[in-house]
file structure-v3.pdb (PDB, C-alpha atoms and all ligand atoms)
ATOM      1  CA  MET A1439       6.181   1.280  -8.559  1.00  0.00           C
ATOM      2  CA  ASN A1440       4.081   1.753  -5.416  1.00  0.00           C
ATOM      3  CA  PHE A1441       3.972   4.746  -3.108  1.00  0.00           C
ATOM      4  CA  LEU A1442       3.565   4.899   0.643  1.00  0.00           C
ATOM      5  CA  MET A1443       3.519   7.935   2.934  1.00  0.00           C
ATOM      6  CA  ASP A1444       6.370   8.330   5.375  1.00  0.00           C
ATOM      7  CA  THR A1445       4.644  10.255   8.145  1.00  0.00           C
ATOM      8  CA  ALA A1446       2.750   9.907  11.406  1.00  0.00           C
ATOM      9  CA  ASN A1447       0.816  13.143  10.944  1.00  0.00           C
ATOM     10  CA  LEU A1448      -2.892  12.358  10.927  1.00  0.00           C
ATOM     11  CA  ASP A1449      -3.959  15.332   8.777  1.00  0.00           C
ATOM     12  CA  SER A1450      -1.314  14.502   6.172  1.00  0.00           C
ATOM     13  CA  ILE A1451      -2.385  10.861   6.180  1.00  0.00           C
ATOM     14  CA  ARG A1452      -6.069  11.832   5.742  1.00  0.00           C
ATOM     15  CA  TYR A1453      -5.170  14.100   2.834  1.00  0.00           C
ATOM     16  CA  GLY A1454      -2.837  11.516   1.318  1.00  0.00           C
ATOM     17  CA  VAL A1455      -5.294   8.633   1.282  1.00  0.00           C
ATOM     18  CA  GLU A1456      -8.032  10.915  -0.048  1.00  0.00           C
ATOM     19  CA  TYR A1457      -6.063  12.220  -3.029  1.00  0.00           C
ATOM     20  CA  PHE A1458      -3.053  10.004  -3.733  1.00  0.00           C
ATOM     21  CA  PRO A1459      -2.857   6.364  -4.811  1.00  0.00           C
ATOM     22  CA  VAL A1460      -0.839   5.324  -1.768  1.00  0.00           C
ATOM     23  CA  ILE A1461      -0.782   1.703  -0.656  1.00  0.00           C
ATOM     24  CA  GLY A1462       0.146   2.455   2.929  1.00  0.00           C
ATOM     25  CA  VAL A1463       1.937   4.428   5.612  1.00  0.00           C
ATOM     26  CA  THR A1464       5.362   3.965   7.147  1.00  0.00           C
ATOM     27  CA  THR A1465       6.242   5.354  10.556  1.00  0.00           C
ATOM     28  CA  ASN A1466       9.332   5.347  12.695  1.00  0.00           C
ATOM     29  CA  PRO A1467      10.044   6.478  16.269  1.00  0.00           C
ATOM     30  CA  THR A1468      11.203   9.925  15.110  1.00  0.00           C
ATOM     31  CA  LEU A1469       8.080  10.528  13.030  1.00  0.00           C
ATOM     32  CA  ILE A1470       5.832   9.521  15.931  1.00  0.00           C
ATOM     33  CA  THR A1471       7.654  11.660  18.521  1.00  0.00           C
ATOM     34  CA  ARG A1472       7.358  14.612  16.110  1.00  0.00           C
ATOM     35  CA  GLU A1473       3.564  14.472  16.670  1.00  0.00           C
ATOM     36  CA  GLU A1474       4.090  14.960  20.446  1.00  0.00           C
ATOM     37  CA  VAL A1475       1.198  12.677  21.367  1.00  0.00           C
ATOM     38  CA  PRO A1476       0.834  11.380  24.928  1.00  0.00           C
ATOM     39  CA  ASP A1477      -0.108   7.854  23.837  1.00  0.00           C
ATOM     40  CA  PRO A1478       1.771   6.539  20.777  1.00  0.00           C
ATOM     41  CA  ALA A1479      -0.236   3.303  20.744  1.00  0.00           C
ATOM     42  CA  ALA A1480      -3.507   5.230  20.452  1.00  0.00           C
ATOM     43  CA  HIS A1481      -1.908   7.329  17.708  1.00  0.00           C
ATOM     44  CA  ILE A1482      -0.903   4.230  15.750  1.00  0.00           C
ATOM     45  CA  ALA A1483      -4.465   2.917  16.137  1.00  0.00           C
ATOM     46  CA  ALA A1484      -5.730   6.251  14.772  1.00  0.00           C
ATOM     47  CA  ILE A1485      -3.501   5.869  11.702  1.00  0.00           C
ATOM     48  CA  ARG A1486      -4.968   2.419  11.073  1.00  0.00           C
ATOM     49  CA  GLU A1487      -8.462   3.843  11.459  1.00  0.00           C
ATOM     50  CA  ILE A1488      -7.747   6.499   8.796  1.00  0.00           C
ATOM     51  CA  ILE A1489      -6.072   4.238   6.241  1.00  0.00           C
ATOM     52  CA  GLY A1490      -8.513   1.360   6.659  1.00  0.00           C
ATOM     53  CA  PRO A1491      -7.735  -2.356   6.911  1.00  0.00           C
ATOM     54  CA  ASP A1492      -6.450  -2.883   3.374  1.00  0.00           C
ATOM     55  CA  ARG A1493      -3.533  -0.458   3.245  1.00  0.00           C
ATOM     56  CA  GLN A1494      -0.165  -1.330   4.703  1.00  0.00           C
ATOM     57  CA  LEU A1495       0.961   0.086   8.035  1.00  0.00           C
ATOM     58  CA  HIS A1496       4.660  -0.246   8.890  1.00  0.00           C
ATOM     59  CA  VAL A1497       5.443   0.237  12.577  1.00  0.00           C
ATOM     60  CA  GLN A1498       8.939   0.145  14.027  1.00  0.00           C
ATOM     61  CA  LEU A1499       9.849  -1.806  17.151  1.00  0.00           C
ATOM     62  CA  THR A1500      11.236   0.246  20.031  1.00  0.00           C
ATOM     63  CA  GLU A1501      12.293  -2.627  22.278  1.00  0.00           C
ATOM     64  CA  THR A1502      15.925  -3.690  22.036  1.00  0.00           C
ATOM     65  CA  GLU A1503      15.950  -7.129  23.736  1.00  0.00           C
ATOM     66  CA  GLU A1504      14.827 -10.163  21.778  1.00  0.00           C
ATOM     67  CA  GLU A1505      12.026 -11.355  24.016  1.00  0.00           C
ATOM     68  CA  GLN A1506      10.593  -7.870  24.404  1.00  0.00           C
ATOM     69  CA  MET A1507      10.902  -7.186  20.670  1.00  0.00           C
ATOM     70  CA  LEU A1508       8.840 -10.283  19.933  1.00  0.00           C
ATOM     71  CA  ALA A1509       6.255  -9.301  22.546  1.00  0.00           C
ATOM     72  CA  GLU A1510       6.085  -5.777  21.156  1.00  0.00           C
ATOM     73  CA  ALA A1511       5.617  -7.092  17.617  1.00  0.00           C
ATOM     74  CA  GLU A1512       2.771  -9.307  18.735  1.00  0.00           C
ATOM     75  CA  ALA A1513       1.096  -6.417  20.561  1.00  0.00           C
ATOM     76  CA  ILE A1514       1.435  -4.086  17.556  1.00  0.00           C
ATOM     77  CA  VAL A1515      -0.237  -6.583  15.266  1.00  0.00           C
ATOM     78  CA  ALA A1516      -2.952  -7.227  17.874  1.00  0.00           C
ATOM     79  CA  LEU A1517      -3.637  -3.477  17.767  1.00  0.00           C
ATOM     80  CA  THR A1518      -3.448  -2.795  14.034  1.00  0.00           C
ATOM     81  CA  GLY A1519      -4.487  -6.107  12.456  1.00  0.00           C
ATOM     82  CA  LYS A1520      -3.764  -7.405   8.988  1.00  0.00           C
ATOM     83  CA  ASN A1521      -1.493  -5.593   6.554  1.00  0.00           C
ATOM     84  CA  THR A1522       0.777  -4.541   9.393  1.00  0.00           C
ATOM     85  CA  TYR A1523       4.530  -4.784   8.885  1.00  0.00           C
ATOM     86  CA  LEU A1524       6.976  -4.721  11.744  1.00  0.00           C
ATOM     87  CA  LYS A1525       9.975  -2.539  11.070  1.00  0.00           C
ATOM     88  CA  VAL A1526      13.092  -4.125  12.521  1.00  0.00           C
ATOM     89  CA  PRO A1527      16.379  -2.185  12.372  1.00  0.00           C
ATOM     90  CA  VAL A1528      19.060  -4.320  10.738  1.00  0.00           C
ATOM     91  CA  SER A1529      21.741  -5.808  13.044  1.00  0.00           C
ATOM     92  CA  PRO A1530      22.663  -9.346  14.126  1.00  0.00           C
ATOM     93  CA  LEU A1531      19.844  -9.194  16.700  1.00  0.00           C
ATOM     94  CA  GLY A1532      17.537  -7.620  14.119  1.00  0.00           C
ATOM     95  CA  LEU A1533      18.193 -10.499  11.736  1.00  0.00           C
ATOM     96  CA  ARG A1534      17.498 -13.030  14.480  1.00  0.00           C
ATOM     97  CA  VAL A1535      14.242 -11.296  15.411  1.00  0.00           C
ATOM     98  CA  THR A1536      13.316 -11.023  11.734  1.00  0.00           C
ATOM     99  CA  ARG A1537      13.743 -14.755  11.320  1.00  0.00           C
ATOM    100  CA  ALA A1538      11.669 -15.508  14.418  1.00  0.00           C
ATOM    101  CA  LEU A1539       8.879 -13.135  13.388  1.00  0.00           C
ATOM    102  CA  SER A1540       8.840 -14.414   9.808  1.00  0.00           C
ATOM    103  CA  GLU A1541       8.628 -17.993  10.996  1.00  0.00           C
ATOM    104  CA  GLN A1542       5.617 -16.990  13.073  1.00  0.00           C
ATOM    105  CA  GLY A1543       3.976 -15.536   9.966  1.00  0.00           C
ATOM    106  CA  TYR A1544       4.516 -11.820  10.664  1.00  0.00           C
ATOM    107  CA  GLY A1545       5.469  -9.424   7.888  1.00  0.00           C
ATOM    108  CA  VAL A1546       8.820  -7.751   8.542  1.00  0.00           C
ATOM    109  CA  THR A1547      10.334  -4.635   6.992  1.00  0.00           C
ATOM    110  CA  GLU A1548      14.058  -4.562   7.664  1.00  0.00           C
ATOM    111  CA  THR A1549      14.853  -0.915   8.156  1.00  0.00           C
ATOM    112  CA  ALA A1550      17.904   1.375   8.363  1.00  0.00           C
ATOM    113  CA  ILE A1551      19.417  -0.454   5.389  1.00  0.00           C
ATOM    114  CA  LEU A1552      22.496   1.375   4.119  1.00  0.00           C
ATOM    115  CA  SER A1553      24.290  -1.408   2.259  1.00  0.00           C
ATOM    116  CA  VAL A1554      23.638  -4.205  -0.206  1.00  0.00           C
ATOM    117  CA  GLY A1555      24.933  -6.846   2.202  1.00  0.00           C
ATOM    118  CA  GLN A1556      22.462  -5.802   4.878  1.00  0.00           C
ATOM    119  CA  ALA A1557      19.593  -6.066   2.412  1.00  0.00           C
ATOM    120  CA  VAL A1558      20.581  -9.526   1.197  1.00  0.00           C
ATOM    121  CA  LEU A1559      21.019 -10.842   4.740  1.00  0.00           C
ATOM    122  CA  ALA A1560      17.631  -9.387   5.722  1.00  0.00           C
ATOM    123  CA  SER A1561      15.994 -11.117   2.771  1.00  0.00           C
ATOM    124  CA  ARG A1562      17.527 -14.435   3.807  1.00  0.00           C
ATOM    125  CA  ALA A1563      16.256 -13.912   7.345  1.00  0.00           C
ATOM    126  CA  GLY A1564      12.753 -13.688   5.908  1.00  0.00           C
ATOM    127  CA  ALA A1565      12.077  -9.954   5.597  1.00  0.00           C
ATOM    128  CA  ARG A1566       9.179  -9.136   3.280  1.00  0.00           C
ATOM    129  CA  TYR A1567      10.633  -5.670   2.602  1.00  0.00           C
ATOM    130  CA  VAL A1568      14.021  -4.015   2.944  1.00  0.00           C
ATOM    131  CA  ALA A1569      14.139  -0.252   3.409  1.00  0.00           C
ATOM    132  CA  PRO A1570      17.311   1.356   2.011  1.00  0.00           C
ATOM    133  CA  TYR A1571      17.777   5.001   3.100  1.00  0.00           C
ATOM    134  CA  VAL A1572      18.444   6.837  -0.137  1.00  0.00           C
ATOM    135  CA  SER A1573      19.000  10.420   1.024  1.00  0.00           C
ATOM    136  CA  ARG A1574      21.148   9.464   3.974  1.00  0.00           C
ATOM    137  CA  LEU A1575      23.499   7.698   1.529  1.00  0.00           C
ATOM    138  CA  ASP A1576      23.461  10.592  -0.926  1.00  0.00           C
ATOM    139  CA  ASN A1577      24.241  12.957   1.950  1.00  0.00           C
ATOM    140  CA  ILE A1578      27.524  11.210   2.709  1.00  0.00           C
ATOM    141  CA  ASN A1579      28.592  11.288  -0.920  1.00  0.00           C
ATOM    142  CA  GLY A1580      27.229   7.783  -1.500  1.00  0.00           C
ATOM    143  CA  ARG A1581      24.773   6.861  -4.216  1.00  0.00           C
ATOM    144  CA  GLY A1582      21.493   5.695  -2.759  1.00  0.00           C
ATOM    145  CA  ALA A1583      20.005   4.769  -6.129  1.00  0.00           C
ATOM    146  CA  ASP A1584      23.087   2.661  -6.971  1.00  0.00           C
ATOM    147  CA  VAL A1585      22.660   0.699  -3.747  1.00  0.00           C
ATOM    148  CA  VAL A1586      19.004   0.146  -4.666  1.00  0.00           C
ATOM    149  CA  ALA A1587      20.029  -1.000  -8.164  1.00  0.00           C
ATOM    150  CA  GLN A1588      22.506  -3.524  -6.737  1.00  0.00           C
ATOM    151  CA  ILE A1589      19.966  -4.869  -4.247  1.00  0.00           C
ATOM    152  CA  ALA A1590      17.414  -5.185  -7.061  1.00  0.00           C
ATOM    153  CA  GLU A1591      19.916  -7.004  -9.271  1.00  0.00           C
ATOM    154  CA  ILE A1592      20.828  -9.554  -6.608  1.00  0.00           C
ATOM    155  CA  PHE A1593      17.169 -10.160  -5.691  1.00  0.00           C
ATOM    156  CA  ASP A1594      16.430 -10.656  -9.371  1.00  0.00           C
ATOM    157  CA  THR A1595      19.450 -12.926 -10.027  1.00  0.00           C
ATOM    158  CA  PHE A1596      18.601 -15.225  -7.148  1.00  0.00           C
ATOM    159  CA  ASP A1597      14.843 -14.970  -7.523  1.00  0.00           C
ATOM    160  CA  ILE A1598      14.446 -13.516  -4.040  1.00  0.00           C
ATOM    161  CA  GLY A1599      10.869 -12.454  -3.296  1.00  0.00           C
ATOM    162  CA  THR A1600      11.761  -9.698  -0.810  1.00  0.00           C
ATOM    163  CA  GLU A1601      10.775  -6.264  -2.137  1.00  0.00           C
ATOM    164  CA  ILE A1602      12.587  -2.977  -1.875  1.00  0.00           C
ATOM    165  CA  LEU A1603      10.767  -0.272   0.070  1.00  0.00           C
ATOM    166  CA  ALA A1604      13.081   2.665  -0.479  1.00  0.00           C
ATOM    167  CA  ALA A1605      12.943   5.420   2.140  1.00  0.00           C
ATOM    168  CA  SER A1606      14.566   8.681   3.194  1.00  0.00           C
ATOM    169  CA  PHE A1607      13.877  10.813   0.124  1.00  0.00           C
ATOM    170  CA  LYS A1608      14.571  14.527  -0.104  1.00  0.00           C
ATOM    171  CA  THR A1609      14.104  15.135  -3.846  1.00  0.00           C
ATOM    172  CA  VAL A1610      11.761  14.070  -6.612  1.00  0.00           C
ATOM    173  CA  GLN A1611      14.777  13.030  -8.706  1.00  0.00           C
ATOM    174  CA  GLN A1612      15.824  10.517  -6.035  1.00  0.00           C
ATOM    175  CA  ILE A1613      12.394   8.888  -6.297  1.00  0.00           C
ATOM    176  CA  VAL A1614      12.627   8.647 -10.073  1.00  0.00           C
ATOM    177  CA  ASP A1615      16.183   7.263  -9.854  1.00  0.00           C
ATOM    178  CA  VAL A1616      15.049   4.593  -7.394  1.00  0.00           C
ATOM    179  CA  GLY A1617      12.222   3.566  -9.709  1.00  0.00           C
ATOM    180  CA  LEU A1618      14.638   3.286 -12.639  1.00  0.00           C
ATOM    181  CA  ALA A1619      16.967   1.267 -10.399  1.00  0.00           C
ATOM    182  CA  GLY A1620      14.238  -1.326  -9.790  1.00  0.00           C
ATOM    183  CA  GLY A1621      12.910  -0.225  -6.398  1.00  0.00           C
ATOM    184  CA  GLN A1622       9.327  -1.492  -6.339  1.00  0.00           C
ATOM    185  CA  ASN A1623       8.129   0.766  -3.511  1.00  0.00           C
ATOM    186  CA  ALA A1624       8.976   4.250  -2.279  1.00  0.00           C
ATOM    187  CA  THR A1625       7.848   5.784   0.986  1.00  0.00           C
ATOM    188  CA  VAL A1626       7.688   9.526   0.622  1.00  0.00           C
ATOM    189  CA  ASN A1627       6.889  12.390   2.996  1.00  0.00           C
ATOM    190  CA  PRO A1628       3.650  14.283   2.181  1.00  0.00           C
ATOM    191  CA  ASP A1629       5.393  17.458   0.934  1.00  0.00           C
ATOM    192  CA  LEU A1630       7.501  15.500  -1.496  1.00  0.00           C
ATOM    193  CA  LEU A1631       4.448  13.548  -2.638  1.00  0.00           C
ATOM    194  CA  ARG A1632       2.815  16.869  -3.545  1.00  0.00           C
ATOM    195  CA  GLN A1633       5.964  17.984  -5.362  1.00  0.00           C
ATOM    196  CA  LEU A1634       5.890  14.731  -7.321  1.00  0.00           C
ATOM    197  CA  VAL A1635       2.590  15.740  -8.923  1.00  0.00           C
ATOM    198  CA  SER A1636       3.494  19.414  -9.434  1.00  0.00           C
ATOM    199  CA  HIS A1637       4.875  20.902 -12.625  1.00  0.00           C
ATOM    200  CA  PRO A1638       4.693  24.573 -13.668  1.00  0.00           C
ATOM    201  CA  LEU A1639       4.014  23.621 -17.286  1.00  0.00           C
ATOM    202  CA  THR A1640       1.105  21.463 -16.148  1.00  0.00           C
ATOM    203  CA  ASP A1641      -0.328  24.443 -14.243  1.00  0.00           C
ATOM    204  CA  SER A1642       0.070  26.792 -17.227  1.00  0.00           C
ATOM    205  CA  GLY A1643      -1.325  24.139 -19.586  1.00  0.00           C
ATOM    206  CA  ILE A1644      -4.454  23.670 -17.461  1.00  0.00           C
ATOM    207  CA  ALA A1645      -4.894  27.453 -17.136  1.00  0.00           C
ATOM    208  CA  GLY A1646      -4.602  27.743 -20.938  1.00  0.00           C
ATOM    209  CA  PHE A1647      -7.343  25.157 -21.550  1.00  0.00           C
ATOM    210  CA  ALA A1648      -9.647  26.875 -19.054  1.00  0.00           C
ATOM    211  CA  GLY A1649      -8.992  30.345 -20.525  1.00  0.00           C
ATOM    212  CA  ASP A1650      -9.633  29.225 -24.126  1.00  0.00           C
ATOM    213  CA  TRP A1651     -12.890  27.531 -23.148  1.00  0.00           C
ATOM    214  CA  LYS A1652     -14.116  30.503 -21.156  1.00  0.00           C
ATOM    215  CA  ARG A1653     -13.421  32.943 -24.001  1.00  0.00           C
ATOM    216  CA  GLN A1654     -15.676  30.910 -26.292  1.00  0.00           C
ATOM    217  CA  TYR A1655     -18.370  29.625 -23.933  1.00  0.00           C
ATOM    218  CA  GLY A1656     -18.188  31.836 -20.858  1.00  0.00           C
ATOM    219  CA  GLU A1657     -19.271  30.070 -17.678  1.00  0.00           C
ATOM    220  CA  ARG A1658     -20.993  27.264 -19.587  1.00  0.00           C
ATOM    221  CA  THR A1659     -18.988  24.041 -19.162  1.00  0.00           C
ATOM    222  CA  LEU A1660     -19.263  21.047 -21.476  1.00  0.00           C
ATOM    223  CA  LEU A1661     -21.547  19.432 -18.902  1.00  0.00           C
ATOM    224  CA  ARG A1662     -24.031  22.267 -19.374  1.00  0.00           C
ATOM    225  CA  PHE A1663     -24.232  21.495 -23.127  1.00  0.00           C
ATOM    226  CA  LEU A1664     -24.441  17.756 -22.555  1.00  0.00           C
ATOM    227  CA  LYS A1665     -27.299  18.125 -20.064  1.00  0.00           C
ATOM    228  CA  LYS A1666     -29.312  20.788 -21.887  1.00  0.00           C
TER
HETATM  229  O1  LIG B1701      11.313   5.925   7.827  1.00  0.00           O
HETATM  230  C1  LIG B1701      12.686   5.876   7.584  1.00  0.00           C
HETATM  231  C2  LIG B1701      13.222   6.919   6.644  1.00  0.00           C
HETATM  232  O2  LIG B1701      12.253   7.357   5.767  1.00  0.00           O
HETATM  233  C3  LIG B1701      13.967   8.019   7.309  1.00  0.00           C
HETATM  234  O3  LIG B1701      14.010   9.144   6.520  1.00  0.00           O
HETATM  235  O4  LIG B1701      14.272  11.557   6.224  1.00  0.00           O
HETATM  236  O5  LIG B1701      14.857  10.532   8.422  1.00  0.00           O
HETATM  237  O6  LIG B1701      16.285  10.137   6.431  1.00  0.00           O
HETATM  238  P1  LIG B1701      14.910  10.418   6.933  1.00  0.00           P
END

call {"tool": "encode", "arguments": {"input": "structure-v3.pdb", "output": "structure tokens"}}
result
Amino acid sequence: MNFLMDTANLDSIRYGVEYFPVIGVTTNPTLITREEVPDPAAHIAAIREIIGPDRQLHVQLTETEEEQMLAEAEAIVALTGKNTYLKVPVSPLGLRVTRALSEQGYGVTETAILSVGQAVLASRAGARYVAPYVSRLDNINGRGADVVAQIAEIFDTFDIGTEILAASFKTVQQIVDVGLAGGQNATVNPDLLRQLVSHPLTDSGIAGFAGDWKRQYGERTLLRFLKK
């Protein structure tokens, strides 16, 4: 299971790539507007600069007419280079644009996926990733992880190469459930990523090791003995 960061905040992205094994960053129009930057294109370029050329950057189209969507996709990739994925919201037009972009060799992430049918259609249109929104389903008394499991089963049954990039997480348990359901990738906001690594028993365990060592050897670490 791979992790990406679902944020457009530059400080969070810097911290994330420095400490966490993330393979990329996903953005959407809401995340970018949250940063209140005057030039969103320059901001997207800054994200690419921070994450380097080898991590994935998923950028959502804002145009809503076919020709303009294709032009926007081309301009995004011209700006951010390889390992860029164009997020296309699923709809009949989205599927058509996905097919056109895929045929031109662009990587597409079909986004705003809330049903199994949408995901399967997106895969057939050529999407490299489908992004089911787990929390938004859970919030309406649906089961996001079950939708992920059904998508995974159909992709597996029919040997479909499209991967699941699950999104919209609010709890650590949702991330674990998606992994168990066969979701290969999860894009997670920075706070939740930190929660994923936190555990009070880990903290007390580490404090116990440090306390025991200090009682016996004071400030002298093992390195001090090794290098004496
Ligand atoms: O990037 C799409 C997805 O992560 C949205 O999440 O938290 O707005 O439901 P959220």

call {"tool": "resolve_selection", "arguments": {"input": "structure-v3.pdb", "expression": "the PyMOL selection byres (((chain A and resi 1443) around 12) and not hetatm)", "output": "compact mmCIF listing (two decimals) with C-alpha atoms, in the coordinates of the input"}}
result
# COMPACT_ATOMS: atom_id res chain seq x y z
CA ASN A 1440 4.08 1.75 -5.42
CA PHE A 1441 3.97 4.75 -3.11
CA LEU A 1442 3.56 4.90 0.64
CA ASP A 1444 6.37 8.33 5.38
CA THR A 1445 4.64 10.26 8.14
CA ALA A 1446 2.75 9.91 11.41
CA ASN A 1447 0.82 13.14 10.94
CA LEU A 1448 -2.89 12.36 10.93
CA SER A 1450 -1.31 14.50 6.17
CA ILE A 1451 -2.38 10.86 6.18
CA ARG A 1452 -6.07 11.83 5.74
CA TYR A 1453 -5.17 14.10 2.83
CA GLY A 1454 -2.84 11.52 1.32
CA VAL A 1455 -5.29 8.63 1.28
CA PHE A 1458 -3.05 10.00 -3.73
CA PRO A 1459 -2.86 6.36 -4.81
CA VAL A 1460 -0.84 5.32 -1.77
CA ILE A 1461 -0.78 1.70 -0.66
CA GLY A 1462 0.15 2.46 2.93
CA VAL A 1463 1.94 4.43 5.61
CA THR A 1464 5.36 3.96 7.15
CA THR A 1465 6.24 5.35 10.56
CA ASN A 1466 9.33 5.35 12.70
CA LEU A 1469 8.08 10.53 13.03
CA ILE A 1485 -3.50 5.87 11.70
CA ILE A 1489 -6.07 4.24 6.24
CA ARG A 1493 -3.53 -0.46 3.24
CA GLN A 1494 -0.16 -1.33 4.70
CA LEU A 1495 0.96 0.09 8.04
CA HIS A 1496 4.66 -0.25 8.89
CA LEU A 1603 10.77 -0.27 0.07
CA ALA A 1604 13.08 2.66 -0.48
CA ALA A 1605 12.94 5.42 2.14
CA SER A 1606 14.57 8.68 3.19
CA PHE A 1607 13.88 10.81 0.12
CA ASN A 1623 8.13 0.77 -3.51
CA ALA A 1624 8.98 4.25 -2.28
CA THR A 1625 7.85 5.78 0.99
CA VAL A 1626 7.69 9.53 0.62
CA ASN A 1627 6.89 12.39 3.00
CA PRO A 1628 3.65 14.28 2.18
CA ASP A 1629 5.39 17.46 0.93
CA LEU A 1630 7.50 15.50 -1.50
CA LEU A 1631 4.45 13.55 -2.64
CA ARG A 1632 2.82 16.87 -3.54

call {"tool": "closest_residue", "arguments": {"input": "structure-v3.pdb", "among": "A:Glu1591, A:Asp1576, A:Asp1584, A:Glu1657", "to": "ligand LIG 1701 (chain B)", "atoms": "only C-alpha atoms and all ligand atoms"}}
result
A:Asp1576

call {"tool": "closest_residue", "arguments": {"input": "structure-v3.pdb", "among": "A:Ile1470, A:Val1535, A:Val1616, A:Ala1479", "to": "ligand LIG 1701 (chain B)", "atoms": "all atoms listed in the file"}}
result
A:Ile1470

call {"tool": "resolve_selection", "arguments": {"input": "structure-v3.pdb", "expression": "the PyMOL selection byres (((chain A and resi 1539-1544) around 12) and not hetatm)", "output": "ChimeraX atom specification"}}
result
/A:1496,1499,1504-1505,1507-1516,1519-1526,1532-1538,1545-1548,1560-1567,1600

call {"tool": "atom_distance", "arguments": {"input": "structure-v3.pdb", "atom1": "atom CA of Tyr1571 of chain A", "atom2": "atom CA of Gln1498 of chain A"}}
result
14.9 Å

call {"tool": "closest_residue", "arguments": {"input": "structure-v3.pdb", "among": "A:Leu1660, A:Leu1634, A:Val1528, A:Val1558", "to": "Ala1648 of chain A", "atoms": "only C-alpha atoms"}}
result
A:Leu1660

call {"tool": "closest_residue", "arguments": {"input": "structure-v3.pdb", "among": "A:Gly1656, A:Gly1617, A:Gly1490, A:Pro1570", "to": "ligand LIG 1701 (chain B)", "atoms": "all atoms listed in the file"}}
result
A:Pro1570

call {"tool": "residues_around", "arguments": {"input": "structure-v3.pdb", "residues": "Glu1487 of chain A", "least_positions_apart": "5", "cutoff": "10 Å", "atoms": "all atoms listed in the file", "output": "list in words"}}
result
His1481, Ile1482 and Thr1518 of chain A

call {"tool": "closest_residue", "arguments": {"input": "structure-v3.pdb", "among": "A:Gly1620, A:Gly1555, A:Gly1582, A:Pro1478", "to": "ligand LIG 1701 (chain B)", "atoms": "all atoms listed in the file"}}
result
A:Gly1582

call {"tool": "resolve_selection", "arguments": {"input": "structure-v3.pdb", "expression": "the PyMOL selection byres (((chain A and resi 1551) around 6) and not hetatm)", "output": "PyMOL selection string"}}
result
chain A and resi 1549-1550+1552-1553+1569-1570

call {"tool": "closest_residue", "arguments": {"input": "structure-v3.pdb", "among": "A:Arg1472, A:Lys1666, A:Arg1574, A:Arg1658", "to": "ligand LIG 1701 (chain B)", "atoms": "only C-alpha atoms and all ligand atoms"}}
result
A:Arg1574

call {"tool": "axis_aligned_box", "arguments": {"input": "structure-v3.pdb", "around": "segment 1525-1538 of chain A", "padding_each_side": "3 Å", "output": "AutoDock Vina command-line options"}}
result
--center_x 16.3 --center_y -8.8 --center_z 13.7 --size_x 18.7 --size_y 19.3 --size_z 12.0

call {"tool": "atom_distance", "arguments": {"input": "structure-v3.pdb", "atom1": "atom CA of Ala1619 of chain A", "atom2": "atom CA of Met1439 of chain A"}}
result
10.9 Å

call {"tool": "atom_distance", "arguments": {"input": "structure-v3.pdb", "atom1": "atom CA of Thr1471 of chain A", "atom2": "atom CA of Val1610 of chain A"}}
result
25.6 Å
